[in-house]
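Step one of this worksheet: look at the structure below.
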Amino acid sequence: MNKTDSLRIVFAGGGTGGHIYPGIAVADALQSLAKSKNVSVQIYWIGNNSGMDRDIVQKNLVAEGGSISGFFGIPCGKLRRYVSVQNFIDVFKIVAGFVKSIAILVRIKPDCLFSKGGFVSVPPCWAARLLKIPYYTHECDFTPGLATRLNARAAKNVLVSYSETASCFSESVAKRCIVTGNPVRPVFYSDNAEDGFLFLGLSKNHEKPILLVLGGSLGAQQINSLIMNNLDWLKERYCVVHQTGKVFAEEHPDVMAGGDDSYKPYAFIYKEMPAVIQCADVILSRAGANSIWESAVSRKPMVLVPLCGSGTRGDQVDNARYFEKNKAAVVLAGKDADDVHLRNALEFFLDAEKRVAYSLASAALCEGEAPSMKISKIIMDGFNYVAPVN
């Protein structure tokens with residue numbers, strides 16, 4: 001297409017931070033790339049009409065002074081692979097989200113749509129398909145979720161974080177897959193470790209290695225239990241920085257108030273998180289795509305405790321095994337997620353040389369151009385754009 005006015009691009013995704021922050025990274029990179037090409041671009045966002053989507057997008061889209069031309073909330077119904085009464089109710093939400101998405105896209109008249117996946121993205125992608133608006137969809141996990149599988153059928157390109165992911169699709173879809181990696185916000189590419197030490201009240205030349213424990217914004221009961229069961233042992237060997245989640249913090253005020261130089265509990269670490277990750281020596285976390293790629297970009301060795309069981313499709317286990325295979329992480333999955341294996345893994349990382357080796361392996365997985373910029377170039381290359389003459 002040949003245009004002489006501003007490009008209009010809609011981002012779709014939400015429901016969780018995992019489907020928002022990578023999209024923000026792409027939006028930031030896209031605006032920076034457009035500016036370098038003297039191209040005007042307007043960013044719009046379609047997300048969940050309830051929850052945190054609007055707040056996260058408006059607070060974190062930083063390129064060009066945080067510019068976003070509009071946020072539109074739609075009703076959202078979750079796509080479940082199991083039988084539930086809620087599935088029947090959510091069908092009506094999905095239909096309502098689809099109808100509203102059509103109205104939004106007709107109003108904006110975007111040049112393309114970028115989907116970050118998740119159940120929020122399905123109605124906008126279906127609407128884009130109906131209106132013949134080209135769209136791209138990105139999958140951050142090793143194996144694609146149901147939303148991505150649905151979106152991929154008519155996507156111009158399916159952008160994946162791992163080359164092996166393409167084999168999960170049909171042959172026709174696999175041909176449209178492009179390996180980009182998982183987009184991470186620009187702040188993780190800057191060295192902000194000094195700010196992390198300052199936030200934690202620790203010296204750069206701290207005596208014991210820093211173990212950063214993450215369980216997502218809500219915390220992870222399994223990981224919290226492992227930390228509490230082994231806290232005395234851990235404190236002898238590490239300075240433990242523990243993001244507990246709000247529920248744990250409310251239920252255990254004595255733990256939250258009992259921090260010291262060897263144990264620093266926080267209900268949630270918000271804007272300081274990139275700096276805290278960068279000053280840590282080892283990361284202990286779930287294996288959600290964002291957490292592990294943010295840690296990898298920051299060159300950190302990891303101990304991963306992926307979410308397992310009937311309530312998950314196994315994506316975290318697949319993510320974790322990939323990083324384990326590439327010697328960037330030690331994985332404690334299923335029956336191995338116990339006190340003995342935790343101590344063994346963290347005893348292993350007390351060796352500074354082993355931490356360095358795993359750090360280099362993490363960094364190797366992120367070599368080359370940043371995924372957010374790769375994706376931005378794919379989107380921009382889809383246009384035959386003629387910049388307006390001043």
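In the structure tokens, chains take the letters A, B, ... in the order shown, each chain's residues start at 1, and ligands count up from 1 in the order shown.
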
Based on the backbone DSSP call, show me all residues of range 47-202 of chain A assigned helix (DSSP H, G or I), as a compact mmCIF listing (two decimals) with N, CA, C and O atoms, in the first residue's frame.
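File written: result_11.txt
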```
# COMPACT_ATOMS: atom_id res chain seq x y z
N ASP A 53 -5.62 -3.34 32.14
CA ASP A 53 -5.07 -3.11 30.81
C ASP A 53 -4.83 -1.63 30.51
O ASP A 53 -3.73 -1.22 30.12
N ARG A 54 -5.86 -0.83 30.67
CA ARG A 54 -5.77 0.59 30.32
C ARG A 54 -4.66 1.27 31.12
O ARG A 54 -3.85 2.02 30.58
N ASP A 55 -4.61 0.98 32.41
CA ASP A 55 -3.65 1.63 33.30
C ASP A 55 -2.22 1.25 32.91
O ASP A 55 -1.33 2.11 32.84
N ILE A 56 -1.98 -0.02 32.63
CA ILE A 56 -0.63 -0.47 32.26
C ILE A 56 -0.19 0.17 30.96
O ILE A 56 0.93 0.66 30.84
N VAL A 57 -1.06 0.17 29.97
CA VAL A 57 -0.71 0.73 28.66
C VAL A 57 -0.39 2.22 28.77
O VAL A 57 0.64 2.70 28.27
N GLN A 58 -1.25 2.95 29.43
CA GLN A 58 -1.07 4.40 29.49
C GLN A 58 0.12 4.80 30.35
O GLN A 58 0.73 5.84 30.12
N LYS A 59 0.49 4.00 31.33
CA LYS A 59 1.62 4.33 32.19
C LYS A 59 2.97 3.89 31.61
O LYS A 59 4.00 4.45 31.97
N ASN A 60 2.96 2.89 30.74
CA ASN A 60 4.22 2.29 30.32
C ASN A 60 4.59 2.48 28.86
O ASN A 60 5.71 2.14 28.47
N ALA A 63 7.71 5.59 24.48
CA ALA A 63 8.31 6.23 23.31
C ALA A 63 7.53 7.49 22.94
O ALA A 63 6.32 7.57 23.10
N GLU A 64 8.25 8.47 22.44
CA GLU A 64 7.62 9.72 22.00
C GLU A 64 6.79 10.36 23.11
O GLU A 64 5.70 10.86 22.90
N GLY A 65 7.33 10.28 24.36
CA GLY A 65 6.64 10.92 25.47
C GLY A 65 5.39 10.19 25.91
O GLY A 65 4.50 10.76 26.52
N GLY A 66 5.33 8.87 25.64
CA GLY A 66 4.18 8.10 26.09
C GLY A 66 2.98 8.28 25.18
O GLY A 66 1.84 8.24 25.64
N VAL A 85 -19.36 -24.06 33.03
CA VAL A 85 -20.55 -23.24 32.80
C VAL A 85 -20.13 -21.85 32.32
O VAL A 85 -20.84 -21.22 31.51
N GLN A 86 -18.98 -21.39 32.79
CA GLN A 86 -18.50 -20.07 32.42
C GLN A 86 -18.26 -19.96 30.92
O GLN A 86 -18.34 -18.87 30.34
N ASN A 87 -17.96 -21.10 30.26
CA ASN A 87 -17.77 -21.09 28.80
C ASN A 87 -19.01 -20.58 28.09
O ASN A 87 -18.92 -19.82 27.11
N PHE A 88 -20.18 -21.01 28.56
CA PHE A 88 -21.44 -20.59 27.95
C PHE A 88 -21.63 -19.08 28.11
O PHE A 88 -22.00 -18.38 27.16
N ILE A 89 -21.35 -18.58 29.30
CA ILE A 89 -21.51 -17.15 29.56
C ILE A 89 -20.53 -16.34 28.72
O ILE A 89 -20.87 -15.30 28.15
N ASP A 90 -19.30 -16.85 28.64
CA ASP A 90 -18.25 -16.10 27.95
C ASP A 90 -18.44 -16.05 26.44
O ASP A 90 -17.87 -15.19 25.78
N VAL A 91 -19.24 -16.98 25.89
CA VAL A 91 -19.54 -16.92 24.46
C VAL A 91 -20.17 -15.57 24.11
O VAL A 91 -19.83 -14.94 23.10
N PHE A 92 -21.08 -15.11 24.97
CA PHE A 92 -21.76 -13.83 24.72
C PHE A 92 -20.77 -12.66 24.84
O PHE A 92 -20.87 -11.68 24.10
N LYS A 93 -19.81 -12.78 25.75
CA LYS A 93 -18.79 -11.73 25.88
C LYS A 93 -17.90 -11.69 24.64
O LYS A 93 -17.53 -10.61 24.17
N ILE A 94 -17.55 -12.86 24.13
CA ILE A 94 -16.72 -12.92 22.93
C ILE A 94 -17.43 -12.30 21.74
O ILE A 94 -16.85 -11.52 20.97
N VAL A 95 -18.71 -12.63 21.59
CA VAL A 95 -19.51 -12.06 20.49
C VAL A 95 -19.60 -10.54 20.65
O VAL A 95 -19.43 -9.78 19.68
N ALA A 96 -19.84 -10.07 21.88
CA ALA A 96 -19.92 -8.63 22.12
C ALA A 96 -18.58 -7.96 21.83
O ALA A 96 -18.53 -6.85 21.26
N GLY A 97 -17.49 -8.62 22.21
CA GLY A 97 -16.15 -8.09 21.93
C GLY A 97 -15.88 -8.01 20.44
O GLY A 97 -15.25 -7.06 19.96
N PHE A 98 -16.36 -9.01 19.71
CA PHE A 98 -16.19 -9.03 18.25
C PHE A 98 -16.95 -7.88 17.60
O PHE A 98 -16.40 -7.15 16.76
N VAL A 99 -18.20 -7.67 18.01
CA VAL A 99 -19.02 -6.59 17.45
C VAL A 99 -18.39 -5.23 17.75
O VAL A 99 -18.30 -4.36 16.88
N LYS A 100 -17.94 -5.06 19.00
CA LYS A 100 -17.34 -3.78 19.37
C LYS A 100 -16.02 -3.57 18.63
O LYS A 100 -15.69 -2.44 18.24
N SER A 101 -15.26 -4.65 18.43
CA SER A 101 -13.99 -4.54 17.69
C SER A 101 -14.23 -4.08 16.26
O SER A 101 -13.47 -3.27 15.71
N ILE A 102 -15.29 -4.59 15.64
CA ILE A 102 -15.63 -4.15 14.28
C ILE A 102 -15.89 -2.64 14.27
O ILE A 102 -15.36 -1.91 13.42
N ALA A 103 -16.68 -2.19 15.24
CA ALA A 103 -17.00 -0.76 15.30
C ALA A 103 -15.74 0.08 15.51
O ALA A 103 -15.57 1.14 14.89
N ILE A 104 -14.84 -0.39 16.36
CA ILE A 104 -13.59 0.34 16.64
C ILE A 104 -12.72 0.41 15.39
O ILE A 104 -12.20 1.48 15.03
N LEU A 105 -12.57 -0.71 14.71
CA LEU A 105 -11.70 -0.74 13.54
C LEU A 105 -12.29 0.06 12.38
O LEU A 105 -11.55 0.69 11.61
N VAL A 106 -13.61 0.04 12.23
CA VAL A 106 -14.25 0.85 11.19
C VAL A 106 -14.01 2.33 11.47
O VAL A 106 -13.77 3.13 10.56
N ARG A 107 -14.05 2.69 12.74
CA ARG A 107 -13.83 4.09 13.14
C ARG A 107 -12.38 4.52 12.92
O ARG A 107 -12.12 5.60 12.38
N ILE A 108 -11.42 3.67 13.31
CA ILE A 108 -10.00 4.04 13.23
C ILE A 108 -9.47 3.92 11.80
O ILE A 108 -8.62 4.69 11.38
N PHE A 119 -6.65 -14.22 25.23
CA PHE A 119 -8.06 -14.25 24.82
C PHE A 119 -8.61 -12.90 24.41
O PHE A 119 -9.54 -12.81 23.63
N VAL A 120 -8.01 -11.81 24.89
CA VAL A 120 -8.48 -10.47 24.52
C VAL A 120 -8.25 -10.19 23.04
O VAL A 120 -8.98 -9.42 22.42
N SER A 121 -7.25 -10.83 22.46
CA SER A 121 -6.86 -10.50 21.08
C SER A 121 -7.72 -11.17 20.02
O SER A 121 -7.70 -10.76 18.86
N VAL A 122 -8.47 -12.21 20.39
CA VAL A 122 -9.20 -12.97 19.37
C VAL A 122 -10.30 -12.16 18.69
O VAL A 122 -10.34 -12.11 17.44
N PRO A 123 -11.20 -11.49 19.41
CA PRO A 123 -12.24 -10.70 18.71
C PRO A 123 -11.66 -9.64 17.78
O PRO A 123 -12.15 -9.49 16.64
N PRO A 124 -10.62 -8.86 18.18
CA PRO A 124 -10.06 -7.89 17.23
C PRO A 124 -9.46 -8.53 15.99
O PRO A 124 -9.57 -7.99 14.88
N CYS A 125 -8.81 -9.69 16.15
CA CYS A 125 -8.24 -10.37 14.97
C CYS A 125 -9.33 -10.87 14.05
O CYS A 125 -9.23 -10.76 12.82
N TRP A 126 -10.40 -11.41 14.62
CA TRP A 126 -11.53 -11.85 13.79
C TRP A 126 -12.15 -10.67 13.07
O TRP A 126 -12.52 -10.77 11.89
N ALA A 127 -12.27 -9.55 13.78
CA ALA A 127 -12.85 -8.35 13.16
C ALA A 127 -11.95 -7.85 12.03
O ALA A 127 -12.44 -7.45 10.96
N ALA A 128 -10.63 -7.87 12.27
CA ALA A 128 -9.68 -7.43 11.23
C ALA A 128 -9.79 -8.33 10.00
O ALA A 128 -9.76 -7.86 8.86
N ARG A 129 -9.93 -9.61 10.24
CA ARG A 129 -10.07 -10.55 9.13
C ARG A 129 -11.32 -10.24 8.31
O ARG A 129 -11.29 -10.21 7.08
N LEU A 130 -12.44 -9.99 9.00
CA LEU A 130 -13.69 -9.68 8.32
C LEU A 130 -13.56 -8.41 7.49
O LEU A 130 -14.08 -8.33 6.36
N LEU A 146 -4.23 -21.43 22.62
CA LEU A 146 -5.41 -21.53 21.77
C LEU A 146 -5.69 -20.23 21.03
O LEU A 146 -6.05 -20.24 19.85
N ALA A 147 -5.51 -19.09 21.70
CA ALA A 147 -5.77 -17.81 21.05
C ALA A 147 -4.86 -17.63 19.84
O ALA A 147 -5.31 -17.20 18.77
N THR A 148 -3.59 -17.94 19.98
CA THR A 148 -2.67 -17.80 18.86
C THR A 148 -3.03 -18.75 17.73
O THR A 148 -2.95 -18.40 16.55
N ARG A 149 -3.43 -19.97 18.08
CA ARG A 149 -3.82 -20.93 17.03
C ARG A 149 -5.01 -20.39 16.23
O ARG A 149 -5.06 -20.55 15.00
N LEU A 150 -5.95 -19.76 16.92
CA LEU A 150 -7.10 -19.19 16.22
C LEU A 150 -6.69 -17.98 15.39
O LEU A 150 -7.11 -17.82 14.24
N ASN A 151 -5.87 -17.13 15.96
CA ASN A 151 -5.44 -15.91 15.25
C ASN A 151 -4.55 -16.22 14.06
O ASN A 151 -4.54 -15.48 13.08
N ALA A 152 -3.77 -17.30 14.17
CA ALA A 152 -2.77 -17.60 13.14
C ALA A 152 -3.37 -17.94 11.79
O ALA A 152 -2.72 -17.77 10.75
N SER A 163 12.33 -21.10 17.19
CA SER A 163 12.21 -21.69 15.86
C SER A 163 11.38 -22.96 15.89
O SER A 163 10.66 -23.28 14.93
N GLU A 164 11.45 -23.71 16.99
CA GLU A 164 10.72 -24.98 17.09
C GLU A 164 9.20 -24.77 17.12
O GLU A 164 8.45 -25.71 16.82
N THR A 165 8.75 -23.59 17.47
CA THR A 165 7.31 -23.34 17.60
C THR A 165 6.57 -23.51 16.28
O THR A 165 5.41 -23.91 16.25
N ALA A 166 7.23 -23.22 15.19
CA ALA A 166 6.58 -23.31 13.87
C ALA A 166 6.04 -24.71 13.60
O ALA A 166 5.02 -24.88 12.92
N SER A 167 6.71 -25.74 14.15
CA SER A 167 6.28 -27.12 13.89
C SER A 167 4.96 -27.45 14.59
O SER A 167 4.37 -28.50 14.31
N CYS A 168 4.49 -26.58 15.47
CA CYS A 168 3.22 -26.81 16.17
C CYS A 168 2.02 -26.42 15.32
O CYS A 168 0.88 -26.72 15.69
N GLU A 171 1.05 -26.88 8.05
CA GLU A 171 2.09 -26.52 7.07
C GLU A 171 1.86 -25.13 6.48
O GLU A 171 2.80 -24.35 6.30
N SER A 172 0.60 -24.79 6.22
CA SER A 172 0.31 -23.48 5.62
C SER A 172 0.63 -22.35 6.58
O SER A 172 1.11 -21.29 6.17
N VAL A 173 0.36 -22.56 7.86
CA VAL A 173 0.66 -21.53 8.85
C VAL A 173 2.17 -21.48 9.11
O VAL A 173 2.75 -20.39 9.23
N ALA A 174 2.81 -22.64 9.19
CA ALA A 174 4.25 -22.69 9.46
C ALA A 174 5.05 -21.90 8.42
O ALA A 174 6.07 -21.29 8.75
N PRO A 186 12.61 -1.78 26.53
CA PRO A 186 13.96 -1.22 26.37
C PRO A 186 14.73 -1.07 27.67
O PRO A 186 15.95 -1.19 27.69
N VAL A 187 14.03 -0.83 28.79
CA VAL A 187 14.71 -0.58 30.07
C VAL A 187 15.57 -1.77 30.48
O VAL A 187 16.56 -1.61 31.20
N PHE A 188 15.23 -2.97 30.02
CA PHE A 188 16.01 -4.15 30.38
C PHE A 188 17.34 -4.22 29.62
O PHE A 188 18.21 -5.02 29.97
N TYR A 189 17.48 -3.43 28.57
CA TYR A 189 18.72 -3.42 27.80
C TYR A 189 19.72 -2.39 28.33
O TYR A 189 20.85 -2.32 27.85
N ALA A 193 21.75 -1.51 37.21
CA ALA A 193 22.04 -2.27 38.43
C ALA A 193 22.27 -1.37 39.64
O ALA A 193 21.85 -1.69 40.75
N GLU A 194 22.93 -0.23 39.42
CA GLU A 194 23.20 0.69 40.53
C GLU A 194 21.90 1.12 41.21
O GLU A 194 21.82 1.23 42.44
N ASP A 195 20.87 1.38 40.41
CA ASP A 195 19.58 1.77 40.96
C ASP A 195 18.97 0.62 41.77
O ASP A 195 18.27 0.84 42.76
N GLY A 196 19.24 -0.62 41.33
CA GLY A 196 18.74 -1.78 42.05
C GLY A 196 19.37 -1.90 43.42
O GLY A 196 18.68 -2.15 44.42
N PHE A 197 20.70 -1.73 43.49
CA PHE A 197 21.38 -1.78 44.79
C PHE A 197 20.86 -0.69 45.72
O PHE A 197 20.64 -0.92 46.91
N LEU A 198 20.63 0.49 45.15
CA LEU A 198 20.14 1.61 45.95
C LEU A 198 18.74 1.31 46.50
O LEU A 198 18.46 1.55 47.68
N PHE A 199 17.87 0.77 45.65
CA PHE A 199 16.50 0.43 46.08
C PHE A 199 16.52 -0.62 47.19
O PHE A 199 15.75 -0.52 48.16
N LEU A 200 17.41 -1.59 47.07
CA LEU A 200 17.47 -2.68 48.06
C LEU A 200 18.26 -2.30 49.31
O LEU A 200 18.22 -3.03 50.31
```

For this session: Identify all residues of range 36-137 of chain A in strand (DSSP E or B) (DSSP on the backbone) and supply them as an MDAnalysis selection string.
Result: chainID A and resid 41:48 70:74 112:115 135:137

Based on the selection just made, write N, CA, C and O atoms of those residues as a compact mmCIF listing (two decimals), in the first residue's frame.
```
# COMPACT_ATOMS: atom_id res chain seq x y z
N VAL A 41 3.39 7.85 12.79
CA VAL A 41 2.63 6.65 13.11
C VAL A 41 1.75 6.92 14.33
O VAL A 41 2.18 7.55 15.30
N GLN A 42 0.53 6.48 14.26
CA GLN A 42 -0.41 6.59 15.38
C GLN A 42 -0.68 5.20 15.94
O GLN A 42 -0.98 4.27 15.20
N ILE A 43 -0.55 5.08 17.27
CA ILE A 43 -0.75 3.81 17.95
C ILE A 43 -2.08 3.81 18.69
O ILE A 43 -2.39 4.75 19.45
N TYR A 44 -2.87 2.78 18.47
CA TYR A 44 -4.12 2.57 19.20
C TYR A 44 -4.03 1.21 19.90
O TYR A 44 -3.27 0.35 19.48
N TRP A 45 -4.82 1.04 20.94
CA TRP A 45 -4.76 -0.23 21.68
C TRP A 45 -6.17 -0.71 22.00
O TRP A 45 -7.00 0.05 22.49
N ILE A 46 -6.43 -1.99 21.72
CA ILE A 46 -7.67 -2.64 22.11
C ILE A 46 -7.34 -3.65 23.21
O ILE A 46 -6.54 -4.57 23.00
N GLY A 47 -7.96 -3.46 24.37
CA GLY A 47 -7.69 -4.35 25.50
C GLY A 47 -8.96 -4.67 26.27
O GLY A 47 -10.08 -4.32 25.84
N ASN A 48 -8.77 -5.31 27.40
CA ASN A 48 -9.91 -5.67 28.25
C ASN A 48 -10.57 -4.42 28.82
O ASN A 48 -9.88 -3.50 29.25
N GLY A 70 -5.18 6.31 21.37
CA GLY A 70 -6.45 5.92 21.97
C GLY A 70 -6.41 4.51 22.51
O GLY A 70 -5.78 3.62 21.92
N PHE A 71 -7.05 4.29 23.66
CA PHE A 71 -7.24 2.95 24.23
C PHE A 71 -8.72 2.63 24.19
O PHE A 71 -9.55 3.44 24.60
N PHE A 72 -9.05 1.44 23.70
CA PHE A 72 -10.43 1.02 23.60
C PHE A 72 -10.62 -0.31 24.34
O PHE A 72 -9.93 -1.29 24.05
N GLY A 73 -11.52 -0.33 25.30
CA GLY A 73 -11.81 -1.55 26.03
C GLY A 73 -12.96 -2.31 25.40
O GLY A 73 -13.93 -1.72 24.92
N ILE A 74 -12.84 -3.65 25.38
CA ILE A 74 -13.90 -4.49 24.83
C ILE A 74 -14.27 -5.57 25.86
O ILE A 74 -13.44 -5.94 26.70
N CYS A 112 -2.90 -1.70 9.79
CA CYS A 112 -2.70 -3.08 10.19
C CYS A 112 -2.95 -3.20 11.69
O CYS A 112 -3.12 -2.21 12.39
N LEU A 113 -2.99 -4.45 12.15
CA LEU A 113 -3.19 -4.74 13.56
C LEU A 113 -2.10 -5.69 14.00
O LEU A 113 -1.70 -6.59 13.27
N PHE A 114 -1.60 -5.48 15.22
CA PHE A 114 -0.60 -6.36 15.82
C PHE A 114 -1.21 -6.98 17.07
O PHE A 114 -1.61 -6.29 17.99
N SER A 115 -1.27 -8.31 17.09
CA SER A 115 -1.84 -9.04 18.21
C SER A 115 -0.74 -9.66 19.05
O SER A 115 0.14 -10.35 18.53
N TYR A 135 -3.14 -8.36 9.58
CA TYR A 135 -2.70 -8.36 10.97
C TYR A 135 -1.59 -9.39 11.19
O TYR A 135 -1.44 -10.36 10.45
N TYR A 136 -0.80 -9.11 12.22
CA TYR A 136 0.29 -9.99 12.66
C TYR A 136 -0.04 -10.48 14.06
O TYR A 136 -0.62 -9.74 14.86
N THR A 137 0.35 -11.70 14.37
CA THR A 137 0.15 -12.20 15.73
C THR A 137 1.46 -12.76 16.25
O THR A 137 2.24 -13.37 15.49
```

Contact residues around Asp318 in chain A with only C-alpha atoms at 9 Å, ignoring same-chain residues under 4 positions, as an mmCIF file with N, CA, C and O atoms, in the first residue's frame:
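Listed below is the output, part_34.cif:
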```
data_model
loop_
_atom_site.group_PDB
_atom_site.id
_atom_site.type_symbol
_atom_site.label_atom_id
_atom_site.label_comp_id
_atom_site.auth_asym_id
_atom_site.auth_seq_id
_atom_site.Cartn_x
_atom_site.Cartn_y
_atom_site.Cartn_z
ATOM 1 N N ASP A 141 5.311 -17.976 24.001
ATOM 2 C CA ASP A 141 5.663 -19.259 24.602
ATOM 3 C C ASP A 141 6.218 -20.239 23.573
ATOM 4 O O ASP A 141 6.035 -20.083 22.363
ATOM 5 N N PHE A 142 6.861 -21.286 24.087
ATOM 6 C CA PHE A 142 7.457 -22.308 23.222
ATOM 7 C C PHE A 142 6.382 -23.030 22.413
ATOM 8 O O PHE A 142 6.579 -23.330 21.236
ATOM 9 N N THR A 143 5.247 -23.309 23.046
ATOM 10 C CA THR A 143 4.114 -23.918 22.349
ATOM 11 C C THR A 143 2.965 -22.919 22.292
ATOM 12 O O THR A 143 2.694 -22.231 23.273
ATOM 13 N N ALA A 287 8.198 -19.910 35.041
ATOM 14 C CA ALA A 287 8.780 -19.909 33.701
ATOM 15 C C ALA A 287 7.847 -19.261 32.691
ATOM 16 O O ALA A 287 7.743 -19.708 31.543
ATOM 17 N N PRO A 306 8.485 -24.184 36.924
ATOM 18 C CA PRO A 306 7.341 -23.932 36.037
ATOM 19 C C PRO A 306 6.029 -24.393 36.645
ATOM 20 O O PRO A 306 5.981 -25.361 37.410
ATOM 21 N N GLY A 314 0.836 -26.557 30.022
ATOM 22 C CA GLY A 314 2.214 -27.026 30.006
ATOM 23 C C GLY A 314 3.188 -26.092 29.335
ATOM 24 O O GLY A 314 4.348 -26.455 29.117
ATOM 25 N N TYR A 322 13.467 -25.480 27.442
ATOM 26 C CA TYR A 322 14.285 -24.855 26.394
ATOM 27 C C TYR A 322 15.491 -24.155 27.013
ATOM 28 O O TYR A 322 16.621 -24.285 26.538
ATOM 29 N N PHE A 323 15.257 -23.394 28.090
ATOM 30 C CA PHE A 323 16.361 -22.691 28.732
ATOM 31 C C PHE A 323 17.299 -23.668 29.444
ATOM 32 O O PHE A 323 18.505 -23.450 29.494
#
```

Problem set entry | Surrounding residues of Asp281 in chain A excluding itself and chain neighbours under 3 positions, 7 Å, only C-alpha atoms, as a VMD selection string | chain A and resid 209 to 211 300

Residues from last step as file, all heavy atoms, as a PDB file, in the first residue's frame:
```
ATOM      1  N   PRO A 209      25.877 -13.561  47.396  1.00  0.00           N
ATOM      2  CA  PRO A 209      25.144 -13.328  46.139  1.00  0.00           C
ATOM      3  C   PRO A 209      23.674 -13.032  46.408  1.00  0.00           C
ATOM      4  O   PRO A 209      23.090 -13.503  47.389  1.00  0.00           O
ATOM      5  CB  PRO A 209      25.322 -14.646  45.373  1.00  0.00           C
ATOM      6  CG  PRO A 209      25.691 -15.657  46.411  1.00  0.00           C
ATOM      7  CD  PRO A 209      26.420 -14.919  47.483  1.00  0.00           C
ATOM      8  N   ILE A 210      23.093 -12.241  45.524  1.00  0.00           N
ATOM      9  CA  ILE A 210      21.679 -11.854  45.666  1.00  0.00           C
ATOM     10  C   ILE A 210      20.812 -12.851  44.892  1.00  0.00           C
ATOM     11  O   ILE A 210      21.003 -13.074  43.694  1.00  0.00           O
ATOM     12  CB  ILE A 210      21.441 -10.435  45.124  1.00  0.00           C
ATOM     13  CG1 ILE A 210      22.222  -9.411  45.949  1.00  0.00           C
ATOM     14  CG2 ILE A 210      19.948 -10.099  45.151  1.00  0.00           C
ATOM     15  CD1 ILE A 210      22.150  -7.998  45.401  1.00  0.00           C
ATOM     16  N   LEU A 211      19.861 -13.445  45.601  1.00  0.00           N
ATOM     17  CA  LEU A 211      18.882 -14.339  44.995  1.00  0.00           C
ATOM     18  C   LEU A 211      17.560 -13.588  44.895  1.00  0.00           C
ATOM     19  O   LEU A 211      16.974 -13.216  45.915  1.00  0.00           O
ATOM     20  CB  LEU A 211      18.698 -15.598  45.844  1.00  0.00           C
ATOM     21  CG  LEU A 211      17.549 -16.528  45.425  1.00  0.00           C
ATOM     22  CD1 LEU A 211      17.818 -17.148  44.055  1.00  0.00           C
ATOM     23  CD2 LEU A 211      17.319 -17.612  46.481  1.00  0.00           C
ATOM     24  N   LYS A 300      21.123 -13.262  33.251  1.00  0.00           N
ATOM     25  CA  LYS A 300      21.046 -13.878  34.566  1.00  0.00           C
ATOM     26  C   LYS A 300      20.886 -15.399  34.505  1.00  0.00           C
ATOM     27  O   LYS A 300      20.097 -15.919  33.706  1.00  0.00           O
ATOM     28  CB  LYS A 300      19.873 -13.292  35.366  1.00  0.00           C
ATOM     29  CG  LYS A 300      19.972 -11.784  35.574  1.00  0.00           C
ATOM     30  CD  LYS A 300      21.263 -11.391  36.288  1.00  0.00           C
ATOM     31  CE  LYS A 300      21.453  -9.889  36.319  1.00  0.00           C
ATOM     32  NZ  LYS A 300      22.729  -9.505  36.960  1.00  0.00           N
TER      33      LYS A 300
END
```

Problem set entry | For CA of Gly259 in chain A and CA of Lys208 in chain A, the interatomic separation in Å (one decimal) | 15.9 Å

Exercise. Range 175-181 of chain A: which residues within 9 Å, counting only C-alpha atoms, same-chain residues fewer than 4 positions away excluded, as a count of residues only?
Worked result: 24

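Interatomic distance, CA of Ala29 in chain A to CA of Tyr358 in chain A: 28.4 Å.
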
For this session: Work out how far apart CA of Ala345 in chain A and CA of Asn224 in chain A are and give it in Å to one decimal.
Result: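 So the answer is 16.4 Å.
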
For this session: Could you tell me which of A:Leu214, A:Ile227, A:Val331, A:Leu342 comes closest to Ser285 in chain A if we count only C-alpha atoms?
Result: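 With only C-alpha atoms as the atom set, the closest residue is A:Leu214.
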
Exercise. Which residue gives the smallest distance to Val276 in chain A among A:Asn192, A:Ser69, A:Thr244, A:Asn229, with only C-alpha atoms counted?
Worked result: A:Asn192
